[in-house]
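**Q** File name protein.txt; file contents compact mmCIF, C-alpha atoms; full text below.
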# COMPACT_ATOMS: atom_id res chain seq x y z
CA MET A 1188 -10.12 10.08 12.87
CA SER A 1189 -11.08 8.22 9.71
CA LEU A 1190 -8.35 6.55 7.71
CA PHE A 1191 -9.62 8.36 4.62
CA ASP A 1192 -9.17 11.76 6.28
CA HIS A 1193 -5.39 11.43 5.96
CA GLN A 1194 -3.57 12.97 3.01
CA LEU A 1195 -1.19 10.04 2.47
CA ILE A 1196 -1.70 6.34 3.08
CA ALA A 1197 1.42 4.20 2.70
CA VAL A 1198 0.46 0.58 2.02
CA THR A 1199 3.23 -1.88 2.85
CA GLY A 1200 3.77 -5.52 3.79
CA LYS A 1201 5.80 -8.55 2.81
CA GLY A 1202 6.13 -9.45 -0.86
CA GLY A 1203 3.30 -11.57 -2.18
CA VAL A 1204 0.58 -10.50 0.25
CA GLY A 1205 -1.24 -8.30 -2.28
CA ARG A 1206 -0.16 -4.75 -1.48
CA THR A 1207 -1.30 -3.46 -4.87
CA THR A 1208 -4.70 -5.11 -4.48
CA ALA A 1209 -5.08 -3.54 -1.04
CA ALA A 1210 -3.95 -0.11 -2.29
CA CYS A 1211 -6.48 -0.20 -5.14
CA SER A 1212 -9.25 -1.33 -2.78
CA ILE A 1213 -8.48 1.47 -0.31
CA ALA A 1214 -8.39 4.05 -3.11
CA LEU A 1215 -11.76 2.93 -4.50
CA ALA A 1216 -13.30 2.88 -1.02
CA ALA A 1217 -12.05 6.43 -0.37
CA ALA A 1218 -13.39 7.60 -3.74
CA ALA A 1219 -16.78 6.14 -2.83
CA GLN A 1220 -16.70 8.54 0.16
CA GLY A 1221 -16.21 11.48 -2.20
CA LYS A 1222 -12.40 11.76 -1.98
CA ARG A 1223 -10.23 12.66 -4.99
CA VAL A 1224 -7.59 9.95 -4.92
CA CYS A 1225 -4.34 9.07 -6.68
CA ILE A 1226 -2.60 5.68 -6.42
CA ALA A 1227 1.16 6.19 -6.71
CA GLU A 1228 3.60 3.43 -7.64
CA LEU A 1229 7.37 3.78 -7.30
CA ALA A 1230 10.49 2.73 -9.24
CA GLY A 1231 8.67 2.80 -12.58
CA LEU A 1232 6.32 -0.05 -11.66
CA ALA A 1233 2.95 -0.18 -13.39
CA ARG A 1234 0.91 -2.92 -11.75
CA VAL A 1235 -2.09 -0.66 -11.10
CA PRO A 1236 -2.68 0.23 -14.79
CA GLU A 1237 -2.61 -3.48 -15.61
CA VAL A 1238 -5.32 -4.20 -13.03
CA PHE A 1239 -7.58 -1.53 -14.51
CA GLY A 1240 -6.85 -2.41 -18.14
CA LEU A 1241 -4.87 0.76 -18.93
CA PRO A 1242 -2.17 0.69 -21.62
CA GLY A 1243 0.84 0.91 -19.31
CA ARG A 1244 3.13 3.11 -17.26
CA SER A 1245 2.59 6.86 -17.14
CA TYR A 1246 4.27 9.53 -15.06
CA ALA A 1247 1.31 11.79 -15.80
CA PRO A 1248 -1.90 10.94 -13.91
CA GLN A 1249 -4.18 8.41 -15.61
CA ARG A 1250 -7.83 8.06 -14.69
CA CYS A 1251 -8.41 4.41 -13.72
CA ALA A 1252 -11.81 4.64 -11.99
CA PRO A 1253 -14.30 7.36 -11.04
CA GLY A 1254 -12.50 9.68 -8.66
CA VAL A 1255 -9.26 7.67 -8.84
CA ASP A 1256 -6.08 8.37 -10.83
CA THR A 1257 -2.84 6.43 -10.94
CA MET A 1258 0.78 7.48 -11.51
CA SER A 1259 4.00 5.54 -11.92
CA LEU A 1260 6.95 7.46 -10.47
CA SER A 1261 10.65 6.98 -11.10
CA ALA A 1262 13.60 8.75 -9.52
CA LEU A 1263 14.74 10.34 -12.79
CA ASP A 1264 11.26 11.59 -13.67
CA CYS A 1265 10.97 13.10 -10.20
CA LEU A 1266 14.45 14.59 -10.43
CA ASP A 1267 13.45 16.33 -13.66
CA ASP A 1268 10.48 17.81 -11.82
CA PHE A 1269 12.67 18.86 -8.91
CA GLY A 1270 15.14 20.52 -11.27
CA ARG A 1271 12.39 22.47 -12.99
CA LYS A 1272 10.43 23.52 -9.92
CA ARG A 1273 13.08 23.97 -7.24
CA LEU A 1274 16.49 24.24 -8.89
CA LYS A 1275 15.17 26.03 -12.02
CA ILE A 1276 17.75 24.18 -14.15
CA GLN A 1277 15.88 21.32 -15.75
CA ALA A 1278 18.10 21.20 -18.83
CA LEU A 1279 21.23 20.90 -16.66
CA VAL A 1280 19.55 18.27 -14.51
CA ARG A 1281 18.84 16.18 -17.61
CA LEU A 1282 22.39 16.64 -18.88
CA VAL A 1283 24.03 15.71 -15.58
CA PHE A 1284 21.72 13.23 -13.91
CA HIS A 1285 20.69 11.29 -17.01
CA ASN A 1286 24.36 10.61 -17.71
CA ARG A 1287 24.99 6.88 -17.24
CA LEU A 1288 28.05 7.28 -15.02
CA THR A 1289 26.48 10.00 -12.91
CA ALA A 1290 23.29 7.97 -12.52
CA ALA A 1291 25.36 5.05 -11.22
CA PHE A 1292 27.00 7.41 -8.73
CA LEU A 1293 23.59 8.66 -7.58
CA ASP A 1294 22.48 5.09 -7.01
CA ALA A 1295 25.12 4.91 -4.31
CA ILE A 1296 23.78 7.90 -2.37
CA PRO A 1297 21.57 6.41 0.36
CA GLY A 1298 17.98 7.55 0.14
CA LEU A 1299 18.34 9.98 -2.78
CA GLN A 1300 16.07 8.13 -5.18
CA ASP A 1301 13.50 7.47 -2.48
CA MET A 1302 13.60 11.12 -1.45
CA GLN A 1303 12.96 12.28 -5.01
CA GLN A 1304 9.88 10.08 -5.33
CA LEU A 1305 8.56 11.04 -1.89
CA GLY A 1306 9.17 14.67 -2.84
CA LYS A 1307 6.88 14.30 -5.84
CA ILE A 1308 4.18 12.79 -3.63
CA ARG A 1309 4.55 15.66 -1.17
CA HIS A 1310 4.30 18.11 -4.06
CA LEU A 1311 1.02 16.53 -5.20
CA ILE A 1312 -0.34 17.02 -1.70
CA GLU A 1313 1.01 20.46 -0.82
CA GLU A 1314 2.20 22.34 -3.92
CA TYR A 1315 0.27 21.19 -6.99
CA GLU A 1316 0.24 23.71 -9.80
CA GLY A 1317 -0.90 24.30 -13.35
CA ASP A 1318 -2.75 21.35 -14.85
CA GLU A 1319 -1.89 19.02 -11.94
CA PRO A 1320 -5.10 17.82 -10.31
CA PRO A 1321 -5.50 18.50 -6.58
CA TYR A 1322 -5.96 15.31 -4.56
CA ASP A 1323 -7.53 14.77 -1.17
CA LEU A 1324 -5.60 11.54 -0.72
CA ILE A 1325 -2.53 9.83 -2.16
CA VAL A 1326 -2.44 6.05 -1.70
CA LEU A 1327 1.18 4.91 -1.97
CA ASP A 1328 1.73 1.34 -3.12
CA ALA A 1329 4.93 1.16 -1.07
CA PRO A 1330 7.71 -1.42 -1.53
CA ALA A 1331 7.83 -4.71 0.36
CA THR A 1332 8.73 -4.84 4.03
CA GLY A 1333 12.49 -4.16 4.03
CA HIS A 1334 12.56 -1.39 1.43
CA GLY A 1335 9.27 -0.06 2.74
CA LEU A 1336 10.90 0.71 6.08
CA THR A 1337 13.97 2.35 4.54
CA LEU A 1338 11.73 4.33 2.19
CA LEU A 1339 9.90 5.94 5.09
CA ASP A 1340 13.19 6.77 6.79
CA SER A 1341 15.08 7.91 3.67
CA ALA A 1342 14.26 11.62 4.02
CA ARG A 1343 15.52 11.71 7.61
CA SER A 1344 18.74 9.95 6.63
CA LEU A 1345 19.41 12.19 3.64
CA GLY A 1346 18.60 15.30 5.66
CA GLU A 1347 21.27 14.34 8.17
CA MET A 1348 23.77 14.02 5.31
CA THR A 1349 23.06 17.35 3.59
CA ARG A 1350 22.13 19.86 6.34
CA VAL A 1351 21.83 22.75 3.85
CA GLY A 1352 20.48 23.63 0.41
CA PRO A 1353 17.42 22.69 -1.68
CA PHE A 1354 17.77 18.95 -1.07
CA TYR A 1355 17.88 19.52 2.68
CA GLU A 1356 14.84 21.80 2.54
CA GLU A 1357 12.91 19.16 0.60
CA THR A 1358 13.84 16.42 3.08
CA GLN A 1359 12.49 18.54 5.92
CA HIS A 1360 9.17 19.03 4.13
CA ILE A 1361 8.94 15.26 3.58
CA VAL A 1362 9.85 14.44 7.18
CA ARG A 1363 7.14 16.77 8.49
CA LEU A 1364 4.55 15.12 6.24
CA LEU A 1365 5.56 11.54 7.06
CA SER A 1366 5.91 12.20 10.79
CA ASP A 1367 2.44 13.69 11.25
CA PRO A 1368 -0.07 10.93 12.18
CA ASP A 1369 -2.92 13.28 11.29
CA ARG A 1370 -1.66 13.52 7.70
CA THR A 1371 0.14 10.23 7.00
CA ALA A 1372 -1.13 6.74 7.80
CA ILE A 1373 0.58 3.38 7.38
CA VAL A 1374 -1.47 0.34 6.45
CA VAL A 1375 0.13 -3.10 6.73
CA VAL A 1376 -1.12 -5.84 4.42
CA THR A 1377 -0.96 -9.49 5.42
CA LEU A 1378 -2.52 -12.87 4.72
CA GLY A 1379 -4.56 -14.90 7.17
CA GLU A 1380 -1.72 -17.34 7.72
CA GLU A 1381 0.67 -17.90 10.60
CA LEU A 1382 3.92 -16.94 8.83
CA PRO A 1383 2.65 -13.72 7.15
CA VAL A 1384 1.05 -12.65 10.45
CA ASN A 1385 4.35 -13.25 12.29
CA GLU A 1386 6.19 -11.23 9.63
CA SER A 1387 3.63 -8.43 9.92
CA LEU A 1388 4.14 -8.28 13.67
CA GLU A 1389 7.91 -8.07 13.09
CA LEU A 1390 7.38 -5.27 10.57
CA ILE A 1391 5.19 -3.33 12.99
CA SER A 1392 7.74 -3.72 15.78
CA SER A 1393 10.40 -2.33 13.41
CA LEU A 1394 8.51 0.88 12.63
CA GLY A 1395 10.14 2.70 15.54
CA GLU A 1396 9.12 6.34 15.63
CA ASP A 1397 6.76 5.73 12.69
CA ARG A 1398 4.63 3.40 14.84
CA ALA A 1399 2.25 6.30 15.59
CA GLN A 1400 1.32 6.39 11.88
CA LEU A 1401 0.16 2.76 11.83
CA ALA A 1402 -3.59 3.09 11.32
CA ALA A 1403 -4.96 -0.25 10.12
CA ILE A 1404 -4.27 -3.79 8.97
CA VAL A 1405 -5.59 -5.31 5.75
CA ALA A 1406 -5.95 -9.08 5.64
CA ASN A 1407 -5.98 -10.10 1.99
CA GLN A 1408 -7.40 -13.27 0.41
CA VAL A 1409 -9.48 -14.12 3.47
CA ARG A 1410 -11.34 -17.41 3.14
CA SER A 1411 -14.99 -17.62 4.09
CA GLN A 1412 -16.31 -20.32 6.40
CA PRO A 1413 -16.18 -23.43 4.15
CA LEU A 1414 -18.76 -25.57 5.93
CA PRO A 1415 -22.51 -25.06 6.37
CA ASP A 1416 -24.29 -24.15 9.59
CA ALA A 1417 -27.55 -25.69 8.39
CA PRO A 1418 -27.53 -28.58 8.66
CA PRO A 1419 -24.79 -28.46 11.32
CA TRP A 1420 -21.50 -29.73 9.92
CA PRO A 1421 -20.86 -32.35 12.66
CA LYS A 1422 -24.19 -34.01 11.87
CA LEU A 1423 -23.58 -33.82 8.11
CA ARG A 1424 -20.05 -35.13 8.58
CA ASP A 1425 -21.33 -38.19 10.41
CA ALA A 1426 -23.84 -38.86 7.63
CA LEU A 1427 -21.15 -38.60 4.95
CA ALA A 1428 -18.81 -40.86 6.91
CA ALA A 1429 -21.57 -43.46 7.35
CA SER A 1430 -22.19 -43.46 3.59
CA ASP A 1431 -18.51 -44.16 2.95
CA GLN A 1432 -17.79 -40.65 1.57
CA THR A 1433 -14.45 -40.56 3.37
CA ASP A 1434 -12.64 -38.62 0.65
CA LEU A 1435 -15.20 -35.82 0.84
CA VAL A 1436 -14.97 -35.80 4.62
CA SER A 1437 -11.17 -35.52 4.46
CA LEU A 1438 -11.34 -32.59 2.03
CA ALA A 1439 -13.90 -30.84 4.20
CA ASP A 1440 -11.83 -31.40 7.34
CA ALA A 1441 -8.78 -29.92 5.59
CA ALA A 1442 -10.74 -26.87 4.47
CA GLN A 1443 -12.10 -26.36 7.97
CA SER A 1444 -8.63 -26.71 9.47
CA THR A 1445 -7.26 -24.06 7.08
CA TRP A 1446 -10.09 -21.69 7.95
CA THR A 1447 -9.63 -22.27 11.68
CA SER A 1448 -5.89 -21.53 11.40
CA GLN A 1449 -6.70 -18.34 9.50
CA GLU A 1450 -9.14 -17.14 12.16
CA ARG A 1451 -6.69 -17.96 14.93
CA ALA A 1452 -3.87 -16.02 13.21
CA LEU A 1453 -6.05 -12.96 12.53
CA ALA A 1454 -7.43 -13.00 16.07
CA ARG A 1455 -3.87 -12.99 17.44
CA LEU A 1456 -2.95 -10.10 15.16
CA ARG A 1457 -6.02 -8.10 16.18
CA THR A 1458 -5.41 -8.73 19.88
CA THR A 1459 -1.70 -7.87 19.67
CA ILE A 1460 -2.02 -4.70 17.59
CA GLY A 1461 -5.43 -3.47 18.71
CA LEU A 1462 -6.27 -1.91 15.34
CA PRO A 1463 -9.08 -2.46 12.84
CA ILE A 1464 -8.56 -5.23 10.30
CA ALA A 1465 -10.20 -5.02 6.90
CA ARG A 1466 -10.85 -8.51 5.55
CA LEU A 1467 -10.58 -8.63 1.75
CA PRO A 1468 -12.24 -11.79 0.42
CA ARG A 1469 -10.43 -14.41 -1.62
CA LEU A 1470 -11.35 -13.94 -5.29
CA PRO A 1471 -10.44 -16.06 -8.32
CA VAL A 1472 -9.13 -13.03 -10.23
CA VAL A 1473 -8.36 -9.41 -9.38
CA ASP A 1474 -9.50 -6.94 -12.03
CA ALA A 1475 -11.40 -3.65 -12.20
CA GLU A 1476 -14.74 -5.40 -11.68
CA SER A 1477 -13.72 -7.60 -8.76
CA LEU A 1478 -11.96 -4.66 -7.09
CA LEU A 1479 -15.40 -3.13 -6.48
CA ILE A 1480 -16.15 -6.10 -4.22
CA LEU A 1481 -12.86 -5.57 -2.39
CA ALA A 1482 -13.54 -1.83 -2.09
CA GLU A 1483 -16.78 -2.58 -0.25
CA ALA A 1484 -14.79 -4.65 2.24
CA ALA A 1485 -12.21 -1.86 2.61
CA GLU A 1486 -14.92 0.69 3.43
CA GLN A 1487 -14.95 -0.65 7.00
CA LEU A 1488 -11.65 1.19 7.46
CA GLU A 1489 -13.51 4.48 7.01
CA GLU A 1490 -14.91 4.23 10.51
CA PRO A 1491 -12.92 6.28 13.08
Could you quickly redo this structure as structure tokens?
**A**
Amino acid sequence: MSLFDHQLIAVTGKGGVGRTTAACSIALAAAAQGKRVCIAELAGLARVPEVFGLPGRSYAPQRCAPGVDTMSLSALDCLDDFGRKRLKIQALVRLVFHNRLTAAFLDAIPGLQDMQQLGKIRHLIEEYEGDEPPYDLIVLDAPATGHGLTLLDSARSLGEMTRVGPFYEETQHIVRLLSDPDRTAIVVVTLGEELPVNESLELISSLGEDRAQLAAIVANQVRSQPLPDAPPWPKLRDALAASDQTDLVSLADAAQSTWTSQERALARLRTTIGLPIARLPRLPVVDAESLLILAEAAEQLEEP
């Protein structure tokens, strides 16, 4: 099954590895295959619009590239939607849940805010209506490792707490979506370095029952081979050393050592996990234009 045949792809990984870059690359690659795609950010974040040069955060879908929209979700926005569509009491929801003291109380309910945002994503997949565009695929720019794990488990936890009523019904819909490996895929983003690879392996081992949804790994900022094959580097190195270019030789040796460590780390990850790894090249800047290069690299994930 192709990665792009899923309805939801949750992109997660440790902070600083480039989850947003990977999410955008995957979305553009899927759109190039004819999919209608939306990149969803959580907690009111708006990093995707910035990458594509859009004015800022929007709860309504914004077109950021051909075939690709982006949305920035927040718990209160999603709760308004839930009140209107499921509870039929949007005005009361605004009165109660937008109250400062009540909002602080809701912050203390484990998983409620995550469940509201996941509920909106499920709605976009299963129950879109009116002027909401139907999507083939939602790419979720999920939180970093720790919160990413609790996010995926939040609906189960909240469902165990409620057991009855509209909130419980919504959690069950979400659990069914997230638990189906034919509908939901998890993509872990890492760097080609020893520590991020170790942390990615720890993350994967912590997925528990969600391990079946792990579909691919994205290695971001991958360095290309720094030294030439023609002429062979050992021969060129000897020539440079003989001409007293020791500084240049030292810099080249350091670059080669970094590349070798990268390849060793990624090889260990590939061998341990046994899943495809998309290698996104290291670029000086990430913007709408350079993302097209990264999308071409991400297209390798389309293969079954």
**Q** Between A:Glu1476, A:Asp1268, A:Glu1356, A:Glu1486, which is the closest to Ile1464 of chain A once you count only C-alpha atoms?
**A**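 Answer, going by the shortest atom-to-atom distance: A:Glu1486.
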**Q** Counting all atoms listed in the file, what is within 12 Å of Cys1211 of chain A, bar same-chain residues fewer than 2 positions away, as an MDAnalysis selection string?
**A** chainID A and resid 1196:1198 1205:1209 1213:1218 1224:1228 1234:1239 1251:1252 1255:1257 1325:1328 1467 1473:1485
**Q** Step by step: start from the point (-5.9, -13.9, -2.4) in the file's coordinates, keep every protein, DNA or RNA residue that has an atom no farther than 8 Å from it, count all atoms listed in the file, and write the set as a list in words.
**A**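 Every residue inside that radius is included here: Val1204, Gly1205, Leu1378, Asn1407, Gln1408, Val1409, Pro1468, Arg1469, Leu1470 and Pro1471 of chain A.
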**Q** Kindly export the residues of the current selection with C-alpha atoms, as a PDB file, in the coordinates of the input.
**A**
ATOM      1  CA  VAL A1204       0.580 -10.500   0.250  1.00  0.00           C
ATOM      2  CA  GLY A1205      -1.240  -8.300  -2.280  1.00  0.00           C
ATOM      3  CA  LEU A1378      -2.520 -12.870   4.720  1.00  0.00           C
ATOM      4  CA  ASN A1407      -5.980 -10.100   1.990  1.00  0.00           C
ATOM      5  CA  GLN A1408      -7.400 -13.270   0.410  1.00  0.00           C
ATOM      6  CA  VAL A1409      -9.480 -14.120   3.470  1.00  0.00           C
ATOM      7  CA  PRO A1468     -12.240 -11.790   0.420  1.00  0.00           C
ATOM      8  CA  ARG A1469     -10.430 -14.410  -1.620  1.00  0.00           C
ATOM      9  CA  LEU A1470     -11.350 -13.940  -5.290  1.00  0.00           C
ATOM     10  CA  PRO A1471     -10.440 -16.060  -8.320  1.00  0.00           C
TER      11      PRO A1471
END
**Q** So which residues touch Met1188 of chain A within 12 Å, counting only C-alpha atoms, skipping near sequence neighbours fewer than 2 positions away, as an MDAnalysis selection string?
**A** chainID A and resid 1190:1193 1368:1372 1402:1403 1488:1491
**Q** Just checking: using only C-alpha atoms, which residue out of A:Leu1456, A:Leu1195, A:Val1405, A:Val1436 ends up closest to Glu1389 of chain A?
**A**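 Closest to Glu1389 of chain A, using only C-alpha atoms: A:Leu1456.
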**Q** Pick from A:Pro1242, A:Gly1306, A:Pro1418, A:Pro1248: nearest to Tyr1322 of chain A, with only C-alpha atoms counted?
**A**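 Closest to Tyr1322 of chain A of all the choices is A:Pro1248.
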**Q** Distance atom CA of Asp1397 of chain A-atom CA of Leu1365 of chain A, one decimal place?
**A**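 Atom-to-atom, atom CA of Asp1397 of chain A and atom CA of Leu1365 of chain A are spaced 8.2 Å apart.
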**Q** Using all atoms listed in the file, can you tell me which of A:Ser1392, A:Thr1433, A:Thr1377, A:Gln1249 comes closest to Ala1331 of chain A?
**A** A:Thr1377
**Q** Measuring between all atoms listed in the file, which one of A:Leu1305, A:Ser1393, A:Leu1388, A:Asp1323 shows the shortest distance to Arg1363 of chain A?
**A**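 Result for the nearest residue to Arg1363 of chain A: A:Leu1305.
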**Q** Write out as a short mmCIF file (atom, residue, chain, number, x, y, z; two decimals) with C-alpha atoms, in the coordinates of the input each polymer residue whose atoms come within 8 Å of Cys1265 of chain A, counting only C-alpha atoms; drop sequence neighbours fewer than 3 positions from it.
**A**
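In the end it all went to around-v4.cif:
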data_model
loop_
_atom_site.label_atom_id
_atom_site.label_comp_id
_atom_site.auth_asym_id
_atom_site.auth_seq_id
_atom_site.Cartn_x
_atom_site.Cartn_y
_atom_site.Cartn_z
CA LEU A 1260 6.95 7.46 -10.47
CA SER A 1261 10.65 6.98 -11.10
CA ALA A 1262 13.60 8.75 -9.52
CA ASP A 1268 10.48 17.81 -11.82
CA PHE A 1269 12.67 18.86 -8.91
CA GLN A 1303 12.96 12.28 -5.01
CA GLN A 1304 9.88 10.08 -5.33
CA GLY A 1306 9.17 14.67 -2.84
CA LYS A 1307 6.88 14.30 -5.84
#
**Q** Which value, in Å to one decimal, gives the distance between atom CA of Pro1421 of chain A and atom CA of Glu1450 of chain A?
**A** 19.2 Å
**Q** Rounded to one decimal, what separation in Å do you get between atom CA of Ile1312 of chain A and atom CA of Gln1220 of chain A?
**A** 18.5 Å
**Q** Just checking: using all atoms listed in the file, which residue out of A:Thr1199, A:Gln1300, A:Ser1259, A:Gln1443 ends up closest to Ser1411 of chain A?
**A** A:Gln1443
**Q** Name all residues at most 8 Å from Ser1387 of chain A (count only C-alpha atoms; drop same-chain ones fewer than 6 positions away) and give them as a VMD selection string.
**A** chain A and resid 1200 to 1201 1375 to 1377
**Q** Return the padded bounding box of segment 1221-1226 of chain A as lines of an AutoDock Vina configuration file: axis-aligned, built from all atoms listed in the file, 4 Å added on each side, with centre and edge lengths in Å to one decimal.
**A**
center_x = -9.4
center_y = 9.2
center_z = -4.3
size_x = 21.6
size_y = 15.0
size_z = 12.7
